[in-house]
2 protein chains.
Amino acid sequence: MTTDMEKIVLDHGSGGKAYFRLISDLLVPSFDNPILARLDDSAVLDVGKNRLAFSTDTYVVDPIFFPGGNIGDLAVNGTVNDLAMSGAVPRYLSLGLILEEGFPTDDLEKILRTMKNAAAKADVLIVTGDTKVVPRKAADKIYINTSGIGIIPDGLNISGHNARCGDKIIISGTIAEHGIIILIQREKIEFESEITSDTAPLNSMVQRIIQASDGIHALRDPTRGGVGTTLNEIAIQSNIGIDIYEESIPVKEEVAAVCRLLGIDPLYVANEGRLIAFVSPDHVEKVLDAIRRCEHGKDAAIIGEVTSGHAGKVRMKTRIGGLRIVDMLTGEQLPRIC
Amino acid sequence: MTTDMEKIVLDHGSGGKAYFRLISDLLVPSFDNPILARLDDSAVLDVGKNRLAFSTDTYVVDPIFFPGGNIGDLAVNGTVNDLAMSGAVPRYLSLGLILEEGFPTDDLEKILRTMKNAAAKADVLIVTGDTKVVPRKAADKIYINTSGIGIIPDGLNISGHNARCGDKIIISGTIAEHGIIILIQREKIEFESEITSDTAPLNSMVQRIIQASDGIHALRDPTRGGVGTTLNEIAIQSNIGIDIYEESIPVKEEVAAVCRLLGIDPLYVANEGRLIAFVSPDHVEKVLDAIRRCEHGKDAAIIGEVTSGHAGKVRMKTRIGGLRIVDMLTGEQLPRIC
C-alpha cells in the first residue's frame, strides 16, 4: 500500500478515484483471481452447463426513506441491475440485514414490504437471509446487503471489457435524479421540487434490447460516481477512447437547477435506474427504439461514441464548443448515496 | 406483529427465541416463498440441471481480532459451512464490506490476507465484491457480508427437515470455544487460558462423511444460540423429539471452568467450526469414524438420538440422572458473537 492510504476515509466509498484505487490496489490483489479481476458489475461463473452471474451490494443510504423509494427497493433494484448488466436474467436474491438496536419494527416492516414488491416487479425471489443486531451507535438504523444470482443466456458476452471503436453510447434516461434527491433530503435543502429517485429494475429493459439486437457490447448502470466515472471505468477496461456530447445528455431542468445552485456536476451524481449501453453503430437505432418503448426508457438518448484515439480517457464536447477531459470523480461528492 | 416487538432489541440478534420469532413472524411472511420458508442454512435452487446451495451471512463480531482468528476467516468459514450443511461443495463467495471512516488500512489488509488464506483452505474463490464507507459512529470498525454458492451432488437430500425417529446425533468436536473466547476478550476477563476460537471450514469433513455413508439426514453448524438452540430448530423443522445425554457432550475443561465461573450454559454458546449430524443408527459408527479422522473431528461424539415422543422438544438426561427440557436460548447471552 502507498502511505497516503493509512486510514479509510469517506472518499474510499465514493465510487470515484479513491474507491477505484482501493479496489485495484488492495482488494483485487488480495484475492488475485481472474474472475474478480474483471471488475464487472457481476462475476460470470461456469456452473455445469450454465453460465451464472453473481453479484453483491451493501446499501447504507441516508436517509433510508426518500421520495421515490426507500433503502428496500434500492437494495433489490441495485443488485437486480448489477446482474442484468451482464445480460443475465436475475433469479434469486439473498438478504443480509444489520439492524441498530432500537430500530422501529414498523419501519422494518415497511422496508420489507417495499422489498417484496420490488422483488415481484423484477421477477426475482428472496430465498435466503441473515439478520444481525448491533448496539446503538454501532450502525445507523439499517444496512442491507443483497447478493444475487442470474442466468446468462447462451451465446451472450456483454462486459465492460468489450466496448470497441465505433460503438455508439446510449443512456436510457435523464441523469442524476437519485443522487440529487438524497442530497436535498439529507441536507434539508429548502427547494420546492418534484424530483424523485430514479430507482427501478432494468432487467426487462435489458432482455428487450438483447432480443432486439446482437450488437450490444457493454452495459453498465451508472450508480456511485455517476455517468462520468462509469464511462471512465469502461474506457480503462476496454482500453478505448470515449467522446461524449454535453448537449445530448438528458437532465431534467429541475435537477440541472439544483446542480447549478449547489455547484455539482450532474455527470458525477448517482443514478439507480439508468443504464449505459455500448452498441455497434449499425444497431444503435433499433436498440434506442427498444429502450424508448420500455417503462423507464422514454428519455433515452445517444450521448457519445467510442473513438480511435485517447485510449482510457473520456472527453466531452461542451455546449459552447470546447473539449474537456472528464476524469473519474475525485473526492467524495456525497457519502452514503446508496 | 405483536405489540411486544415495537422496537428491535439486541435479543433479536441472539440466534435464540426472539431471533426465531423475528424470522418466523416477520421476515419469512414478508417474502412468502417456499424456498425461504424452509429456513435451512442455505437455500436449495434448481438452476438448469444443477442444484445449487445459496447462503448469506453478515459478520459483526466484536472484537474483530481474537485468539484463533479474526472477522475475516470467520466470514469465509461461516458461509462455507452454511453451504456445506446442505451437502453442497462450496465454490464461490461474494464479499460485501462496510468500513467505518478512520479504519486503519493495515488492519483491513490483515483481514483480507486472512480471508484469502481461509478461502484457499476451503477451496473457494472470492469472485465479486462491494465496499461501502460510513462516517465515524455509523459502524463499529468493519462489518463483512459473505454470500456463497455451492453445488449439491446429485441424489443428495440433506436438510433440517429430514431428521427421523431412531437417528443418532453426532457433534464433531468440543463445544462453546468460539463464544467463550469472544466473551473473555470483549469483557477483558482476567483468565489465563489457552482457549482459541474453533473457527474452521467444515466442507471437506462433510464431503468425507457423505462419501462414507448415505445415511446422513440432517447437518447443521451450531453457531449463534449454540447446540441447544440448533437442536430445537431441527426438532421443530423435522417434527421430532430429541434426547441428549449431558455426560457425552464434549467440553474442554478450561471452557467448562469459564462457563461455571460466569454462570453460562455451554449448550447455548456459539461454535464456528463444529457440525451436528443426524445419522441413521446403522451408519453412525462409520460416520463417527470418518469425522474423527478429519482435521477438526478428533473429539467427535454421539450426544443423543431422535425419539418417538415429545415432538418439537429437546430433553437432556443430566449427569445426576435427571431429565430436563432444553429450550431455545432466551434472552441475549452475548451480542455480536459472529
# chains A, B, ... in the order shown; residues from 1 in each chain; ligands from 1
$ calpha_fit_and_write --fixed "chain B" --moving "chain A" --output "mmCIF file with C-alpha atoms, in the first residue's frame"
data_model
loop_
_atom_site.group_PDB
_atom_site.id
_atom_site.type_symbol
_atom_site.label_atom_id
_atom_site.label_comp_id
_atom_site.auth_asym_id
_atom_site.auth_seq_id
_atom_site.Cartn_x
_atom_site.Cartn_y
_atom_site.Cartn_z
ATOM 1 C CA MET A 1 -46.756 -8.015 14.520
ATOM 2 C CA THR A 2 -47.438 -8.493 18.186
ATOM 3 C CA THR A 3 -47.105 -5.308 20.195
ATOM 4 C CA ASP A 4 -44.193 -6.543 22.295
ATOM 5 C CA MET A 5 -41.994 -6.172 19.223
ATOM 6 C CA GLU A 6 -42.223 -2.435 18.698
ATOM 7 C CA LYS A 7 -38.512 -1.944 18.548
ATOM 8 C CA ILE A 8 -35.582 -4.118 17.609
ATOM 9 C CA VAL A 9 -33.609 -5.145 20.698
ATOM 10 C CA LEU A 10 -30.235 -6.867 20.941
ATOM 11 C CA ASP A 11 -32.090 -10.042 21.778
ATOM 12 C CA HIS A 12 -33.389 -10.171 18.187
ATOM 13 C CA GLY A 13 -29.819 -10.851 17.100
ATOM 14 C CA SER A 14 -29.148 -13.623 19.576
ATOM 15 C CA GLY A 15 -29.921 -16.593 17.393
ATOM 16 C CA GLY A 16 -32.321 -17.678 20.154
ATOM 17 C CA LYS A 17 -36.052 -17.442 20.756
ATOM 18 C CA ALA A 18 -36.524 -13.745 19.945
ATOM 19 C CA TYR A 19 -34.490 -14.163 16.750
ATOM 20 C CA PHE A 20 -36.514 -17.190 15.736
ATOM 21 C CA ARG A 21 -39.731 -15.194 16.278
ATOM 22 C CA LEU A 22 -38.441 -12.214 14.287
ATOM 23 C CA ILE A 23 -37.579 -14.534 11.419
ATOM 24 C CA SER A 24 -40.738 -16.651 11.488
ATOM 25 C CA ASP A 25 -43.241 -13.889 12.312
ATOM 26 C CA LEU A 26 -41.815 -11.056 10.240
ATOM 27 C CA LEU A 27 -39.080 -11.955 7.750
ATOM 28 C CA VAL A 28 -40.431 -15.169 6.242
ATOM 29 C CA PRO A 29 -44.075 -13.983 5.910
ATOM 30 C CA SER A 30 -42.766 -10.781 4.286
ATOM 31 C CA PHE A 31 -41.433 -12.709 1.334
ATOM 32 C CA ASP A 32 -43.672 -15.731 1.463
ATOM 33 C CA ASN A 33 -41.965 -18.256 -0.779
ATOM 34 C CA PRO A 34 -41.372 -21.949 -0.137
ATOM 35 C CA ILE A 35 -37.587 -21.852 -0.651
ATOM 36 C CA LEU A 36 -37.036 -19.201 2.031
ATOM 37 C CA ALA A 37 -39.659 -20.768 4.309
ATOM 38 C CA ARG A 38 -37.570 -23.927 4.712
ATOM 39 C CA LEU A 39 -35.153 -21.966 6.909
ATOM 40 C CA ASP A 40 -32.204 -24.241 6.306
ATOM 41 C CA ASP A 41 -28.705 -22.753 6.457
ATOM 42 C CA SER A 42 -28.758 -22.358 2.700
ATOM 43 C CA ALA A 43 -31.449 -22.145 0.059
ATOM 44 C CA VAL A 44 -31.522 -25.022 -2.429
ATOM 45 C CA LEU A 45 -32.083 -23.826 -5.999
ATOM 46 C CA ASP A 46 -32.724 -25.716 -9.217
ATOM 47 C CA VAL A 47 -30.708 -23.996 -11.919
ATOM 48 C CA GLY A 48 -30.719 -25.815 -15.238
ATOM 49 C CA LYS A 49 -29.552 -29.318 -14.459
ATOM 50 C CA ASN A 50 -27.722 -28.252 -11.304
ATOM 51 C CA ARG A 51 -28.907 -27.981 -7.755
ATOM 52 C CA LEU A 52 -27.206 -25.043 -6.080
ATOM 53 C CA ALA A 53 -26.927 -24.032 -2.445
ATOM 54 C CA PHE A 54 -27.058 -20.269 -1.846
ATOM 55 C CA SER A 55 -26.397 -18.678 1.526
ATOM 56 C CA THR A 56 -25.634 -15.304 3.109
ATOM 57 C CA ASP A 57 -24.260 -14.160 6.446
ATOM 58 C CA THR A 58 -23.131 -10.820 7.841
ATOM 59 C CA TYR A 59 -20.339 -10.754 10.411
ATOM 60 C CA VAL A 60 -20.301 -8.044 13.084
ATOM 61 C CA VAL A 61 -18.122 -9.792 15.685
ATOM 62 C CA ASP A 62 -16.545 -7.660 18.426
ATOM 63 C CA PRO A 63 -13.553 -7.750 18.881
ATOM 64 C CA ILE A 64 -12.535 -8.163 15.240
ATOM 65 C CA PHE A 65 -9.242 -9.879 16.154
ATOM 66 C CA PHE A 66 -9.277 -12.746 18.677
ATOM 67 C CA PRO A 67 -7.194 -15.826 19.549
ATOM 68 C CA GLY A 68 -7.692 -18.366 16.774
ATOM 69 C CA GLY A 69 -8.852 -15.984 14.062
ATOM 70 C CA ASN A 70 -10.401 -12.691 13.076
ATOM 71 C CA ILE A 71 -13.570 -11.432 11.425
ATOM 72 C CA GLY A 72 -12.065 -12.360 8.043
ATOM 73 C CA ASP A 73 -11.713 -16.126 8.399
ATOM 74 C CA LEU A 74 -14.901 -16.189 10.457
ATOM 75 C CA ALA A 75 -16.714 -14.662 7.450
ATOM 76 C CA VAL A 76 -15.236 -17.150 4.988
ATOM 77 C CA ASN A 77 -15.659 -20.245 7.175
ATOM 78 C CA GLY A 78 -19.152 -19.273 8.301
ATOM 79 C CA THR A 79 -20.607 -19.097 4.821
ATOM 80 C CA VAL A 80 -18.602 -22.098 3.600
ATOM 81 C CA ASN A 81 -20.124 -24.057 6.486
ATOM 82 C CA ASP A 82 -23.678 -22.874 5.825
ATOM 83 C CA LEU A 83 -23.312 -24.146 2.254
ATOM 84 C CA ALA A 84 -21.715 -27.403 3.361
ATOM 85 C CA MET A 85 -24.615 -28.162 5.730
ATOM 86 C CA SER A 86 -26.813 -28.838 2.696
ATOM 87 C CA GLY A 87 -24.184 -31.289 1.445
ATOM 88 C CA ALA A 88 -23.031 -28.770 -1.173
ATOM 89 C CA VAL A 89 -19.476 -28.333 -2.373
ATOM 90 C CA PRO A 90 -18.890 -24.587 -1.744
ATOM 91 C CA ARG A 91 -17.425 -22.873 -4.819
ATOM 92 C CA TYR A 92 -17.832 -19.092 -4.935
ATOM 93 C CA LEU A 93 -18.116 -16.321 -2.350
ATOM 94 C CA SER A 94 -19.022 -12.655 -2.585
ATOM 95 C CA LEU A 95 -17.596 -10.058 -0.222
ATOM 96 C CA GLY A 96 -19.530 -7.008 0.993
ATOM 97 C CA LEU A 97 -17.564 -4.646 3.229
ATOM 98 C CA ILE A 98 -18.860 -1.859 5.443
ATOM 99 C CA LEU A 99 -15.912 0.188 6.733
ATOM 100 C CA GLU A 100 -16.035 2.896 9.386
ATOM 101 C CA GLU A 101 -14.282 6.119 8.436
ATOM 102 C CA GLY A 102 -10.834 6.081 10.060
ATOM 103 C CA PHE A 103 -10.427 2.289 10.008
ATOM 104 C CA PRO A 104 -6.701 1.522 9.675
ATOM 105 C CA THR A 105 -5.775 0.226 6.240
ATOM 106 C CA ASP A 106 -3.214 -2.088 7.882
ATOM 107 C CA ASP A 107 -5.999 -3.847 9.747
ATOM 108 C CA LEU A 108 -7.999 -4.138 6.542
ATOM 109 C CA GLU A 109 -5.025 -5.683 4.761
ATOM 110 C CA LYS A 110 -4.540 -8.153 7.595
ATOM 111 C CA ILE A 111 -8.203 -9.175 7.466
ATOM 112 C CA LEU A 112 -8.147 -9.535 3.682
ATOM 113 C CA ARG A 113 -5.009 -11.674 3.899
ATOM 114 C CA THR A 114 -6.725 -13.924 6.421
ATOM 115 C CA MET A 115 -9.742 -14.183 4.114
ATOM 116 C CA LYS A 116 -7.537 -15.132 1.191
ATOM 117 C CA ASN A 117 -5.896 -17.907 3.204
ATOM 118 C CA ALA A 118 -9.232 -19.135 4.548
ATOM 119 C CA ALA A 119 -10.686 -19.182 1.022
ATOM 120 C CA ALA A 120 -7.681 -21.158 -0.232
ATOM 121 C CA LYS A 121 -8.020 -23.633 2.633
ATOM 122 C CA ALA A 122 -11.719 -24.141 1.943
ATOM 123 C CA ASP A 123 -11.071 -24.243 -1.816
ATOM 124 C CA VAL A 124 -13.480 -21.423 -2.684
ATOM 125 C CA LEU A 125 -12.953 -18.291 -4.773
ATOM 126 C CA ILE A 126 -13.977 -14.772 -3.788
ATOM 127 C CA VAL A 127 -15.309 -13.574 -7.133
ATOM 128 C CA THR A 128 -17.267 -10.381 -6.589
ATOM 129 C CA GLY A 129 -17.375 -7.619 -4.012
ATOM 130 C CA ASP A 130 -18.606 -4.260 -2.832
ATOM 131 C CA THR A 131 -17.208 -1.707 -0.372
ATOM 132 C CA LYS A 132 -19.100 0.983 1.488
ATOM 133 C CA VAL A 133 -17.604 3.552 3.858
ATOM 134 C CA VAL A 134 -19.762 5.176 6.542
ATOM 135 C CA PRO A 135 -18.908 8.083 8.884
ATOM 136 C CA ARG A 136 -17.509 7.516 12.380
ATOM 137 C CA LYS A 137 -20.075 6.025 14.793
ATOM 138 C CA ALA A 138 -22.216 4.781 11.909
ATOM 139 C CA ALA A 139 -20.477 1.393 12.160
ATOM 140 C CA ASP A 140 -18.009 -0.226 14.545
ATOM 141 C CA LYS A 141 -14.746 -0.658 12.580
ATOM 142 C CA ILE A 142 -15.715 -3.260 9.958
ATOM 143 C CA TYR A 143 -18.669 -5.469 9.067
ATOM 144 C CA ILE A 144 -18.385 -8.198 6.460
ATOM 145 C CA ASN A 145 -21.102 -9.897 4.459
ATOM 146 C CA THR A 146 -20.229 -13.055 2.591
ATOM 147 C CA SER A 147 -22.720 -14.809 0.360
ATOM 148 C CA GLY A 148 -21.890 -18.094 -1.271
ATOM 149 C CA ILE A 149 -22.784 -20.552 -3.982
ATOM 150 C CA GLY A 150 -22.180 -24.287 -3.738
ATOM 151 C CA ILE A 151 -23.070 -27.261 -5.905
ATOM 152 C CA ILE A 152 -25.119 -30.073 -4.389
ATOM 153 C CA PRO A 153 -24.072 -33.513 -5.625
ATOM 154 C CA ASP A 154 -26.789 -35.481 -7.446
ATOM 155 C CA GLY A 155 -29.155 -37.511 -5.328
ATOM 156 C CA LEU A 156 -28.311 -35.823 -2.043
ATOM 157 C CA ASN A 157 -31.125 -34.572 0.181
ATOM 158 C CA ILE A 158 -29.752 -33.316 3.491
ATOM 159 C CA SER A 159 -31.940 -30.866 5.394
ATOM 160 C CA GLY A 160 -33.021 -29.851 8.877
ATOM 161 C CA HIS A 161 -36.428 -31.188 7.847
ATOM 162 C CA ASN A 162 -35.173 -34.738 7.324
ATOM 163 C CA ALA A 163 -34.195 -35.993 10.781
ATOM 164 C CA ARG A 164 -36.185 -39.079 11.694
ATOM 165 C CA CYS A 165 -37.013 -41.339 14.599
ATOM 166 C CA GLY A 166 -34.082 -43.508 15.617
ATOM 167 C CA ASP A 167 -31.417 -41.186 14.182
ATOM 168 C CA LYS A 168 -28.282 -40.836 16.263
ATOM 169 C CA ILE A 169 -26.899 -37.342 16.823
ATOM 170 C CA ILE A 170 -23.176 -36.648 16.440
ATOM 171 C CA ILE A 171 -21.279 -33.493 17.379
ATOM 172 C CA SER A 172 -17.976 -33.144 15.531
ATOM 173 C CA GLY A 173 -15.941 -31.769 18.454
ATOM 174 C CA THR A 174 -15.780 -29.928 21.769
ATOM 175 C CA ILE A 175 -18.291 -27.123 22.129
ATOM 176 C CA ALA A 176 -18.510 -23.444 23.123
ATOM 177 C CA GLU A 177 -14.940 -22.357 22.353
ATOM 178 C CA HIS A 178 -15.694 -19.538 19.917
ATOM 179 C CA GLY A 179 -18.302 -17.874 22.114
ATOM 180 C CA ILE A 180 -16.212 -18.146 25.263
ATOM 181 C CA ILE A 181 -13.042 -16.683 23.773
ATOM 182 C CA ILE A 182 -15.043 -13.745 22.353
ATOM 183 C CA LEU A 183 -16.574 -13.176 25.778
ATOM 184 C CA ILE A 184 -13.193 -13.349 27.538
ATOM 185 C CA GLN A 185 -11.655 -10.913 25.052
ATOM 186 C CA ARG A 186 -14.520 -8.464 24.923
ATOM 187 C CA GLU A 187 -15.078 -8.235 28.648
ATOM 188 C CA LYS A 188 -11.323 -8.316 29.324
ATOM 189 C CA ILE A 189 -11.824 -11.103 31.832
ATOM 190 C CA GLU A 190 -8.567 -11.907 33.591
ATOM 191 C CA PHE A 191 -8.273 -15.582 32.963
ATOM 192 C CA GLU A 192 -5.118 -17.410 31.975
ATOM 193 C CA SER A 193 -6.283 -19.654 29.174
ATOM 194 C CA GLU A 194 -5.274 -21.490 26.052
ATOM 195 C CA ILE A 195 -8.801 -21.243 24.632
ATOM 196 C CA THR A 196 -8.973 -20.244 20.977
ATOM 197 C CA SER A 197 -11.905 -19.874 18.607
ATOM 198 C CA ASP A 198 -12.859 -23.096 16.839
ATOM 199 C CA THR A 199 -13.476 -21.248 13.539
ATOM 200 C CA ALA A 200 -12.744 -23.687 10.708
ATOM 201 C CA PRO A 201 -14.110 -24.787 7.340
ATOM 202 C CA LEU A 202 -16.173 -27.972 7.538
ATOM 203 C CA ASN A 203 -16.723 -28.658 3.850
ATOM 204 C CA SER A 204 -14.061 -31.338 3.484
ATOM 205 C CA MET A 205 -15.425 -33.095 6.584
ATOM 206 C CA VAL A 206 -18.899 -33.035 5.054
ATOM 207 C CA GLN A 207 -17.668 -34.453 1.751
ATOM 208 C CA ARG A 208 -15.880 -37.261 3.584
ATOM 209 C CA ILE A 209 -18.913 -38.310 5.594
ATOM 210 C CA ILE A 210 -21.147 -38.162 2.531
ATOM 211 C CA GLN A 211 -18.715 -40.497 0.792
ATOM 212 C CA ALA A 212 -18.636 -42.767 3.836
ATOM 213 C CA SER A 213 -22.412 -43.065 4.246
ATOM 214 C CA ASP A 214 -25.753 -42.397 2.579
ATOM 215 C CA GLY A 215 -27.437 -42.379 5.975
ATOM 216 C CA ILE A 216 -26.927 -38.700 6.797
ATOM 217 C CA HIS A 217 -30.294 -36.968 7.112
ATOM 218 C CA ALA A 218 -29.562 -33.552 8.588
ATOM 219 C CA LEU A 219 -26.488 -31.395 9.182
ATOM 220 C CA ARG A 220 -26.194 -28.046 10.904
ATOM 221 C CA ASP A 221 -23.429 -25.958 12.426
ATOM 222 C CA PRO A 222 -24.415 -24.740 15.895
ATOM 223 C CA THR A 223 -23.376 -21.078 15.681
ATOM 224 C CA ARG A 224 -25.437 -18.312 17.362
ATOM 225 C CA GLY A 225 -27.628 -19.855 20.028
ATOM 226 C CA GLY A 226 -25.315 -22.865 20.347
ATOM 227 C CA VAL A 227 -26.040 -26.595 20.320
ATOM 228 C CA GLY A 228 -29.187 -26.156 22.443
ATOM 229 C CA THR A 229 -30.865 -23.771 20.017
ATOM 230 C CA THR A 230 -29.771 -25.683 16.908
ATOM 231 C CA LEU A 231 -31.250 -28.930 18.222
ATOM 232 C CA ASN A 232 -34.512 -27.115 18.949
ATOM 233 C CA GLU A 233 -34.619 -25.776 15.380
ATOM 234 C CA ILE A 234 -34.246 -29.260 13.945
ATOM 235 C CA ALA A 235 -36.768 -30.718 16.419
ATOM 236 C CA ILE A 236 -39.292 -28.172 15.108
ATOM 237 C CA GLN A 237 -38.391 -28.458 11.424
ATOM 238 C CA SER A 238 -38.444 -32.264 11.406
ATOM 239 C CA ASN A 239 -41.255 -32.489 13.969
ATOM 240 C CA ILE A 240 -39.319 -34.964 16.085
ATOM 241 C CA GLY A 241 -38.324 -35.345 19.716
ATOM 242 C CA ILE A 242 -34.653 -35.229 20.729
ATOM 243 C CA ASP A 243 -32.932 -36.711 23.757
ATOM 244 C CA ILE A 244 -29.346 -35.762 24.553
ATOM 245 C CA TYR A 245 -27.029 -36.984 27.297
ATOM 246 C CA GLU A 246 -25.168 -34.325 29.249
ATOM 247 C CA GLU A 247 -22.207 -36.537 30.084
ATOM 248 C CA SER A 248 -21.484 -37.332 26.438
ATOM 249 C CA ILE A 249 -21.269 -33.698 25.274
ATOM 250 C CA PRO A 250 -17.576 -32.875 24.813
ATOM 251 C CA VAL A 251 -16.473 -29.643 26.527
ATOM 252 C CA LYS A 252 -12.855 -28.764 27.199
ATOM 253 C CA GLU A 253 -12.221 -28.459 30.934
ATOM 254 C CA GLU A 254 -10.985 -24.870 30.553
ATOM 255 C CA VAL A 255 -14.127 -23.864 28.706
ATOM 256 C CA ALA A 256 -16.320 -25.602 31.268
ATOM 257 C CA ALA A 257 -14.462 -23.727 34.024
ATOM 258 C CA VAL A 258 -15.127 -20.318 32.444
ATOM 259 C CA CYS A 259 -18.773 -21.263 31.945
ATOM 260 C CA ARG A 260 -19.123 -22.239 35.612
ATOM 261 C CA LEU A 261 -17.363 -19.068 36.724
ATOM 262 C CA LEU A 262 -19.668 -16.839 34.679
ATOM 263 C CA GLY A 263 -22.835 -18.858 35.095
ATOM 264 C CA ILE A 264 -23.132 -19.594 31.379
ATOM 265 C CA ASP A 265 -24.541 -22.797 29.906
ATOM 266 C CA PRO A 266 -22.119 -24.055 27.212
ATOM 267 C CA LEU A 267 -25.106 -25.533 25.356
ATOM 268 C CA TYR A 268 -26.060 -21.992 24.297
ATOM 269 C CA VAL A 269 -22.598 -20.738 23.389
ATOM 270 C CA ALA A 270 -21.692 -20.230 19.702
ATOM 271 C CA ASN A 271 -19.409 -22.604 17.790
ATOM 272 C CA GLU A 272 -17.858 -21.700 14.449
ATOM 273 C CA GLY A 273 -16.166 -24.935 13.390
ATOM 274 C CA ARG A 274 -18.459 -27.716 14.609
ATOM 275 C CA LEU A 275 -21.277 -29.613 12.983
ATOM 276 C CA ILE A 276 -24.166 -31.659 14.286
ATOM 277 C CA ALA A 277 -25.139 -34.675 12.177
ATOM 278 C CA PHE A 278 -28.362 -36.687 12.331
ATOM 279 C CA VAL A 279 -27.478 -40.147 11.062
ATOM 280 C CA SER A 280 -29.428 -43.375 10.689
ATOM 281 C CA PRO A 281 -28.432 -45.696 13.580
ATOM 282 C CA ASP A 282 -26.835 -48.406 11.423
ATOM 283 C CA HIS A 283 -24.492 -45.813 9.860
ATOM 284 C CA VAL A 284 -23.488 -43.927 12.969
ATOM 285 C CA GLU A 285 -20.237 -45.746 13.683
ATOM 286 C CA LYS A 286 -18.825 -45.273 10.204
ATOM 287 C CA VAL A 287 -19.805 -41.594 10.138
ATOM 288 C CA LEU A 288 -18.275 -41.050 13.571
ATOM 289 C CA ASP A 289 -15.143 -42.799 12.419
ATOM 290 C CA ALA A 290 -14.923 -40.648 9.258
ATOM 291 C CA ILE A 291 -15.358 -37.451 11.287
ATOM 292 C CA ARG A 292 -12.686 -38.479 13.796
ATOM 293 C CA ARG A 293 -10.180 -38.897 10.995
ATOM 294 C CA CYS A 294 -10.744 -35.273 9.864
ATOM 295 C CA GLU A 295 -8.580 -32.352 10.952
ATOM 296 C CA HIS A 296 -11.232 -30.835 13.220
ATOM 297 C CA GLY A 297 -13.026 -34.035 14.195
ATOM 298 C CA LYS A 298 -10.898 -35.921 16.696
ATOM 299 C CA ASP A 299 -13.215 -35.137 19.652
ATOM 300 C CA ALA A 300 -16.416 -36.118 17.829
ATOM 301 C CA ALA A 301 -19.016 -37.890 19.952
ATOM 302 C CA ILE A 302 -22.542 -39.295 19.837
ATOM 303 C CA ILE A 303 -24.551 -36.969 22.051
ATOM 304 C CA GLY A 304 -28.126 -38.158 21.640
ATOM 305 C CA GLU A 305 -30.873 -39.581 19.494
ATOM 306 C CA VAL A 306 -34.237 -38.889 17.937
ATOM 307 C CA THR A 307 -37.136 -40.335 19.918
ATOM 308 C CA SER A 308 -40.723 -41.181 19.120
ATOM 309 C CA GLY A 309 -42.245 -38.916 21.759
ATOM 310 C CA HIS A 310 -42.210 -35.169 22.644
ATOM 311 C CA ALA A 311 -42.128 -33.902 19.035
ATOM 312 C CA GLY A 312 -40.623 -30.427 18.677
ATOM 313 C CA LYS A 313 -38.874 -30.641 22.043
ATOM 314 C CA VAL A 314 -35.343 -31.352 23.232
ATOM 315 C CA ARG A 315 -34.731 -33.145 26.544
ATOM 316 C CA MET A 316 -31.419 -33.685 28.306
ATOM 317 C CA LYS A 317 -30.564 -36.532 30.655
ATOM 318 C CA THR A 318 -28.348 -34.765 33.176
ATOM 319 C CA ARG A 319 -25.194 -36.104 34.792
ATOM 320 C CA ILE A 320 -27.035 -36.720 38.036
ATOM 321 C CA GLY A 321 -29.779 -38.696 36.285
ATOM 322 C CA GLY A 322 -32.428 -35.999 35.967
ATOM 323 C CA LEU A 323 -34.342 -35.124 32.826
ATOM 324 C CA ARG A 324 -34.809 -31.496 31.795
ATOM 325 C CA ILE A 325 -36.213 -29.657 28.812
ATOM 326 C CA VAL A 326 -33.552 -27.807 26.766
ATOM 327 C CA ASP A 327 -35.348 -24.767 25.346
ATOM 328 C CA MET A 328 -34.083 -22.359 22.718
ATOM 329 C CA LEU A 329 -31.834 -19.633 24.039
ATOM 330 C CA THR A 330 -33.989 -16.982 25.698
ATOM 331 C CA GLY A 331 -32.515 -13.528 26.070
ATOM 332 C CA GLU A 332 -29.269 -12.297 24.616
ATOM 333 C CA GLN A 333 -26.419 -14.326 26.002
ATOM 334 C CA LEU A 334 -23.814 -12.342 24.123
ATOM 335 C CA PRO A 335 -24.359 -9.898 21.258
ATOM 336 C CA ARG A 336 -22.013 -9.625 18.252
ATOM 337 C CA ILE A 337 -20.589 -13.097 18.648
ATOM 338 C CA CYS A 338 -20.170 -13.584 14.880
#
$ select_by_dssp --residues "region 184-294 of chain B" --states "helix (DSSP H, G or I)" --output "ChimeraX atom specification"
/B:184-186,203-212,226-237,246-248,253-262,266-268,281-292
$ select_by_dssp --residues "region 70-210 of chain A" --states "strand (DSSP E)" --output "ChimeraX atom specification"
/A:70,89-100,125-134,142-151,168-171
